[in-house]
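Presented below is the structure to which this report refers.
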Amino acid sequence: MDLGAAIGLLFVASAGAIVLGLALKWVDRKVTAMVQWRVGPPWYQPVADVAKLLGKETIVPQNARRTGFLLAPVVGFAATVVAAAILVGVNLDPRASFVGDLIVVIYLLTIPSLAVVIGGASSGNPHGAMGASREMKLILSYELPFILAMVPAMIAGGWTFKLGAIIAAPAAGSAWLTVAKVIGFVVALMCIQAKLGLVPFDIAEAETEIMGGAYCEYSGPPLAVFYVTRAMLLAVLPALLVTALWGGFHFGSVGAAAASILKFLLVVVVTVLVRNTNPRVRIDHAMKFFWFGLTPLALVAVVLALVGSAP
Amino acid sequence: MNWKVWGLSKSPWVYHVNVGACNNCDIEILDCLTPRFDIERFGMVLVPTPRHADALLVTGGVTRQARPRLQEVYRQAAKPCIVLCIGACACSMGIFADCYHMAGPPDKVIREVDPNAIIAYVPGCPPKPEAIIAGAVKALQHTVKALS
């Protein structure tokens, strides 16, 4: 792929991810409202939120580190855009995949969480520091099971780090391999819940305890950038899950395209329903859940995949 | 109407400040969030910090202890930010008008900081959730006129 095409893909993918993310943010709020037997916000609500935040005053607290405070949201946004571009490019043309792009995407999707840590820690607010420390602990807890959950996909794709090869791998592998991928999918689903900062794991921005945590001191445009980044993650993380562990997106025929969109929406709605039917857990409970609950489960998935791929 | 004002009128995030209320108005504010009244229909969401707020819901007459704190919360809120005085005490001090420990109604206390603050009043002891929603809508219409 030449440079011009890559830049074009970056722009198209970022615009697409913003629009899709804001739409999914509305789906999230509307489904939440339906679960709670309410009417919920109108369809343009996330757009209005972003427009309003962009038009408001930017306050930098006196104790804050100005550079880190204002740079953190932009860093998170940039990483999410690049991850979105890689996922879109790979799904449109699996041959465009390069060696190790799965690893690149996993790394890029850690950066938004790190941006939250930087922003919270540089805001000069005790609640922000608290939120940053909790977010850091969450990253340490969910990254290991998340990466382990991706291993069955790598094995099923023929011992590869290329997302294109993982998509192109034949769906009908051995039964053990399928079971391993299903277990990996469930583990990864729980991990993206924490990556998105949705309710059972919204410990880092607990409104009722630490006043929004890392986002506590943000106002106006920087908050809007965080808002858009989180909306984009709501689109990008389920897309990664579908790409790596559920056969990827195919737009060859109408049926295949409809199936791809349904898979994607199903992952999003399951995430929203999990968020609506669970209370917030404590940070030590979350760490125990990820380390002693999900990590062994992901290891089982890896072993099953190894058994399944043995000749 | 430009896009900034449109966004503000469609997505007012509210922050709840109790400066000496008896908790009755606060319960009515929480009623607005319940499925029966559902103020998220209008894009209103309760936010945890004044930095995110577009509207301060002030309840109660301001006590001397709360006066500097209310002024600080208003200063810390990102502008433009409107103030909604909810309940008889917040509008006119109610039965506490002559008490020794009161510093004045919230509108007077906030005007000391910002003479041009946009302030709306919802009377009642306590006001019904319907009244609060009607007051919020009128305040937003006024804000749209004032800013555009």
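In the structure tokens, chains take the letters A, B, ... in the order shown, each chain's residues start at 1, and ligands count up from 1 in the order shown.
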Specify as a CSV table (one decimal) with N, CA, C and O atoms, in the first residue's frame all residues of chain A found within 6 Å of chain B, counting only C-alpha atoms.
chain,number,residue,atom,x,y,z
A,38,ARG,N,-37.5,3.5,30.2
A,38,ARG,CA,-37.6,4.9,30.0
A,38,ARG,C,-37.7,5.1,28.5
A,38,ARG,O,-37.6,4.2,27.7
A,40,GLY,N,-35.6,7.6,26.9
A,40,GLY,CA,-34.2,7.8,26.5
A,40,GLY,C,-34.0,8.9,25.6
A,40,GLY,O,-35.0,9.6,25.1
A,41,PRO,N,-32.8,9.2,25.3
A,41,PRO,CA,-32.4,10.5,24.5
A,41,PRO,C,-32.7,10.3,23.0
A,41,PRO,O,-32.8,9.2,22.5
A,48,ALA,N,-25.0,16.3,19.9
A,48,ALA,CA,-25.3,17.5,20.7
A,48,ALA,C,-24.3,17.6,21.8
A,48,ALA,O,-23.8,18.7,22.1
A,49,ASP,N,-24.0,16.5,22.5
A,49,ASP,CA,-23.0,16.5,23.6
A,49,ASP,C,-21.7,17.0,23.1
A,49,ASP,O,-21.1,17.8,23.8
A,51,ALA,N,-20.9,18.7,20.4
A,51,ALA,CA,-21.0,20.1,19.9
A,51,ALA,C,-21.0,21.0,21.1
A,51,ALA,O,-20.2,22.0,21.1
A,52,LYS,N,-21.7,20.7,22.2
A,52,LYS,CA,-21.8,21.5,23.3
A,52,LYS,C,-20.4,21.6,24.0
A,52,LYS,O,-19.9,22.7,24.4
A,55,GLY,N,-18.0,23.8,22.4
A,55,GLY,CA,-18.2,25.2,22.5
A,55,GLY,C,-18.0,25.8,23.8
A,55,GLY,O,-18.1,27.0,24.0
A,57,GLU,N,-15.9,26.4,27.7
A,57,GLU,CA,-14.6,26.9,28.1
A,57,GLU,C,-13.7,25.8,28.5
A,57,GLU,O,-14.1,24.8,29.0
A,207,GLU,N,-18.6,7.7,39.5
A,207,GLU,CA,-19.1,9.1,39.7
A,207,GLU,C,-19.4,9.2,41.2
A,207,GLU,O,-19.3,10.3,41.8
A,211,MET,N,-16.0,11.2,41.9
A,211,MET,CA,-16.4,12.3,41.1
A,211,MET,C,-15.8,12.3,39.7
A,211,MET,O,-15.3,13.2,39.1
A,212,GLY,N,-16.0,11.1,39.0
A,212,GLY,CA,-15.5,11.1,37.6
A,212,GLY,C,-14.0,10.7,37.5
A,212,GLY,O,-13.5,10.6,36.4
A,219,SER,N,-12.8,19.8,31.2
A,219,SER,CA,-14.0,20.5,30.8
A,219,SER,C,-13.8,20.9,29.3
A,219,SER,O,-12.7,21.0,28.8
Within 7 Å of segment 20-23 of chain B using only C-alpha atoms, minus same-chain residues under 3 positions, as a PDB file with C-alpha atoms, in the first residue's frame:
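Saved to around.pdb:
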ATOM      1  CA  ASP B  26     -33.225  17.209  46.450  1.00  0.00           C
ATOM      2  CA  ILE B  27     -35.580  14.231  46.511  1.00  0.00           C
ATOM      3  CA  THR B  59     -31.495  23.996  46.410  1.00  0.00           C
ATOM      4  CA  GLY B  60     -31.979  25.801  49.723  1.00  0.00           C
ATOM      5  CA  GLY B  61     -31.273  29.269  51.018  1.00  0.00           C
ATOM      6  CA  VAL B  62     -27.537  29.883  51.295  1.00  0.00           C
ATOM      7  CA  THR B  63     -26.150  29.477  54.818  1.00  0.00           C
TER       8      THR B  63
END
From a backbone DSSP assignment, name each residue in segment 3-120 of chain B labelled helix (DSSP H, G or I), as a VMD selection string. chain B and resid 3 to 10 24 to 32 39 to 42 50 to 52 67 to 76 88 to 92 94 to 96 106 to 113
Would you pick out the contacts of Glu135 of chain A at 10 Å or less, using only C-alpha atoms, so that residues sharing its chain but fewer than 5 positions from it are not included, and give the list as a ChimeraX atom specification? /A:113-114,116-117,120,129-130,140-141,194-195,197,201-205,213-214,283
Between A:Val225, A:Leu233, A:Arg280, A:Val179, single out the one closest to Ala206 of chain A, counting only C-alpha atoms. A:Arg280
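Minimum atom-to-atom distance to Ala305 of chain A, evaluated using only C-alpha atoms, belongs to A:Ala149 out of A:Ala149, A:Leu9, A:Ala115, A:Val75.
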Atom-to-atom span, atom CA of Ala85 of chain A and atom CA of Ser14 of chain A, Å: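 Atom CA of Ser14 of chain A lies 6.7 Å from atom CA of Ala85 of chain A.
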DSSP says strand (DSSP E or B) for which residues of segment 87-134 of chain B? Put them as a list in words? Met102, Ala103, Gly104, Ile119, Ala120, Tyr121 and Val122 of chain B
Write the residues of the selection above to a file with all heavy atoms, as a compact mmCIF listing (two decimals), in the first residue's frame.
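Output file result-v1.txt follows:
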# COMPACT_ATOMS: atom_id res chain seq x y z
N MET B 102 -28.29 32.86 57.86
CA MET B 102 -28.46 32.82 56.41
C MET B 102 -27.69 33.96 55.74
O MET B 102 -27.65 35.08 56.24
CB MET B 102 -29.95 32.93 56.03
CG MET B 102 -30.80 31.84 56.64
SD MET B 102 -30.20 30.19 56.26
CE MET B 102 -31.03 29.89 54.72
N ALA B 103 -27.07 33.66 54.60
CA ALA B 103 -26.27 34.66 53.89
C ALA B 103 -27.02 35.30 52.74
O ALA B 103 -26.51 36.19 52.08
CB ALA B 103 -24.99 34.03 53.37
N GLY B 104 -28.24 34.84 52.48
CA GLY B 104 -29.01 35.42 51.38
C GLY B 104 -29.42 34.36 50.38
O GLY B 104 -28.92 33.24 50.43
N ILE B 119 -29.93 33.18 35.64
CA ILE B 119 -30.52 32.50 36.79
C ILE B 119 -32.01 32.30 36.54
O ILE B 119 -32.70 33.23 36.11
CB ILE B 119 -30.30 33.29 38.08
CG1 ILE B 119 -28.80 33.50 38.30
CG2 ILE B 119 -30.90 32.57 39.27
CD1 ILE B 119 -28.46 34.25 39.56
N ALA B 120 -32.49 31.07 36.78
CA ALA B 120 -33.92 30.78 36.63
C ALA B 120 -34.45 30.30 37.97
O ALA B 120 -33.69 29.81 38.81
CB ALA B 120 -34.13 29.72 35.57
N TYR B 121 -35.75 30.47 38.18
CA TYR B 121 -36.33 30.14 39.48
C TYR B 121 -37.46 29.15 39.29
O TYR B 121 -38.28 29.28 38.39
CB TYR B 121 -36.88 31.40 40.14
CG TYR B 121 -35.87 32.51 40.27
CD1 TYR B 121 -35.68 33.42 39.24
CD2 TYR B 121 -35.08 32.63 41.41
CE1 TYR B 121 -34.75 34.43 39.33
CE2 TYR B 121 -34.15 33.63 41.51
CZ TYR B 121 -33.98 34.52 40.47
OH TYR B 121 -33.04 35.51 40.56
N VAL B 122 -37.50 28.14 40.17
CA VAL B 122 -38.62 27.20 40.19
C VAL B 122 -39.20 27.21 41.59
O VAL B 122 -38.64 26.58 42.49
CB VAL B 122 -38.17 25.77 39.82
CG1 VAL B 122 -39.36 24.84 39.78
CG2 VAL B 122 -37.44 25.74 38.50
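The list of residues with at least one atom within 10 Å of Ile110 of chain B, based on only C-alpha atoms and without residues fewer than 3 positions apart in the same chain, reads Arg67, Pro68, Leu70, Gln71, Glu72, Val73, Tyr74, Arg75, Val83, Pro105, Pro106, Asp107, Val113, Asp114, Pro115, Asn116, Ala117, Ile118 and Ile119 of chain B.
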I need the chosen residues saved as a PDB file, in the first residue's frame, with C-alpha atoms.
ATOM      1  CA  ARG B  67     -21.778  30.971  50.753  1.00  0.00           C
ATOM      2  CA  PRO B  68     -18.058  30.820  49.802  1.00  0.00           C
ATOM      3  CA  LEU B  70     -21.390  28.038  46.319  1.00  0.00           C
ATOM      4  CA  GLN B  71     -19.392  30.948  44.868  1.00  0.00           C
ATOM      5  CA  GLU B  72     -16.384  28.655  44.375  1.00  0.00           C
ATOM      6  CA  VAL B  73     -18.490  25.971  42.680  1.00  0.00           C
ATOM      7  CA  TYR B  74     -19.904  28.604  40.319  1.00  0.00           C
ATOM      8  CA  ARG B  75     -16.408  29.933  39.545  1.00  0.00           C
ATOM      9  CA  VAL B  83     -28.136  28.464  37.502  1.00  0.00           C
ATOM     10  CA  PRO B 105     -30.731  33.709  48.451  1.00  0.00           C
ATOM     11  CA  PRO B 106     -28.495  31.886  45.909  1.00  0.00           C
ATOM     12  CA  ASP B 107     -29.134  34.405  43.106  1.00  0.00           C
ATOM     13  CA  VAL B 113     -19.314  36.682  41.667  1.00  0.00           C
ATOM     14  CA  ASP B 114     -20.851  37.131  38.245  1.00  0.00           C
ATOM     15  CA  PRO B 115     -23.368  39.978  37.789  1.00  0.00           C
ATOM     16  CA  ASN B 116     -24.400  38.611  34.393  1.00  0.00           C
ATOM     17  CA  ALA B 117     -25.197  35.053  35.551  1.00  0.00           C
ATOM     18  CA  ILE B 118     -28.254  33.496  33.904  1.00  0.00           C
ATOM     19  CA  ILE B 119     -30.518  32.498  36.785  1.00  0.00           C
TER      20      ILE B 119
END
Which is closer to Tyr218 of chain A than all the others in A:Ser122, A:Ser253, A:Thr178, A:Thr80, using only C-alpha atoms? A:Ser122
Rounded to one decimal place, report the atom CA of Ile118 of chain A-atom CA of Gly131 of chain A distance in Å.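 Interatomic distance here is 10.4 Å.
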Would you pick out the contacts of Arg230 of chain A at 8 Å or less, using only C-alpha atoms, so that residues sharing its chain but fewer than 4 positions from it are not included, and give the list as a compact mmCIF listing (two decimals) with N, CA, C and O atoms, in the first residue's frame?
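Final output, part-v8.txt:
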# COMPACT_ATOMS: atom_id res chain seq x y z
N LEU A 196 -13.46 -0.54 27.97
CA LEU A 196 -14.39 0.55 27.67
C LEU A 196 -14.76 1.34 28.91
O LEU A 196 -15.36 2.40 28.81
N PHE A 226 -12.03 13.19 24.81
CA PHE A 226 -12.18 11.94 25.58
C PHE A 226 -13.50 11.25 25.25
O PHE A 226 -13.58 10.04 25.09
N LEU A 234 -15.97 2.14 21.56
CA LEU A 234 -17.19 1.34 21.58
C LEU A 234 -17.41 0.68 20.22
O LEU A 234 -18.08 -0.34 20.13
Name the residues in contact with Asn91 of chain A at a cut-off of 8 Å, using only C-alpha atoms, excluding same-chain residues fewer than 5 positions from it; report them as an MDAnalysis selection string. chainID A and resid 164 167 243 248:250
So that I have them on file, write out the residues from the current selection with N, CA and C atoms, as an mmCIF file, in the first residue's frame.
data_model
loop_
_atom_site.group_PDB
_atom_site.id
_atom_site.type_symbol
_atom_site.label_atom_id
_atom_site.label_comp_id
_atom_site.auth_asym_id
_atom_site.auth_seq_id
_atom_site.Cartn_x
_atom_site.Cartn_y
_atom_site.Cartn_z
ATOM 1 N N GLY A 164 -4.966 -10.540 8.654
ATOM 2 C CA GLY A 164 -5.477 -11.007 7.365
ATOM 3 C C GLY A 164 -5.522 -12.524 7.304
ATOM 4 N N ILE A 167 -8.367 -13.832 9.493
ATOM 5 C CA ILE A 167 -9.680 -13.731 8.850
ATOM 6 C C ILE A 167 -9.823 -14.809 7.777
ATOM 7 N N THR A 243 -13.246 -9.414 14.340
ATOM 8 C CA THR A 243 -12.198 -9.685 13.357
ATOM 9 C C THR A 243 -11.345 -10.871 13.770
ATOM 10 N N GLY A 248 -14.350 -12.330 11.277
ATOM 11 C CA GLY A 248 -14.129 -11.070 10.565
ATOM 12 C C GLY A 248 -15.348 -10.591 9.806
ATOM 13 N N PHE A 249 -15.185 -9.427 9.152
ATOM 14 C CA PHE A 249 -16.276 -8.831 8.372
ATOM 15 C C PHE A 249 -16.109 -9.216 6.914
ATOM 16 N N HIS A 250 -17.210 -9.573 6.268
ATOM 17 C CA HIS A 250 -17.169 -9.873 4.840
ATOM 18 C C HIS A 250 -18.259 -9.083 4.142
#
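The space between atom CA of Leu223 of chain A and atom CA of Pro73 of chain A spans 7.7 Å.
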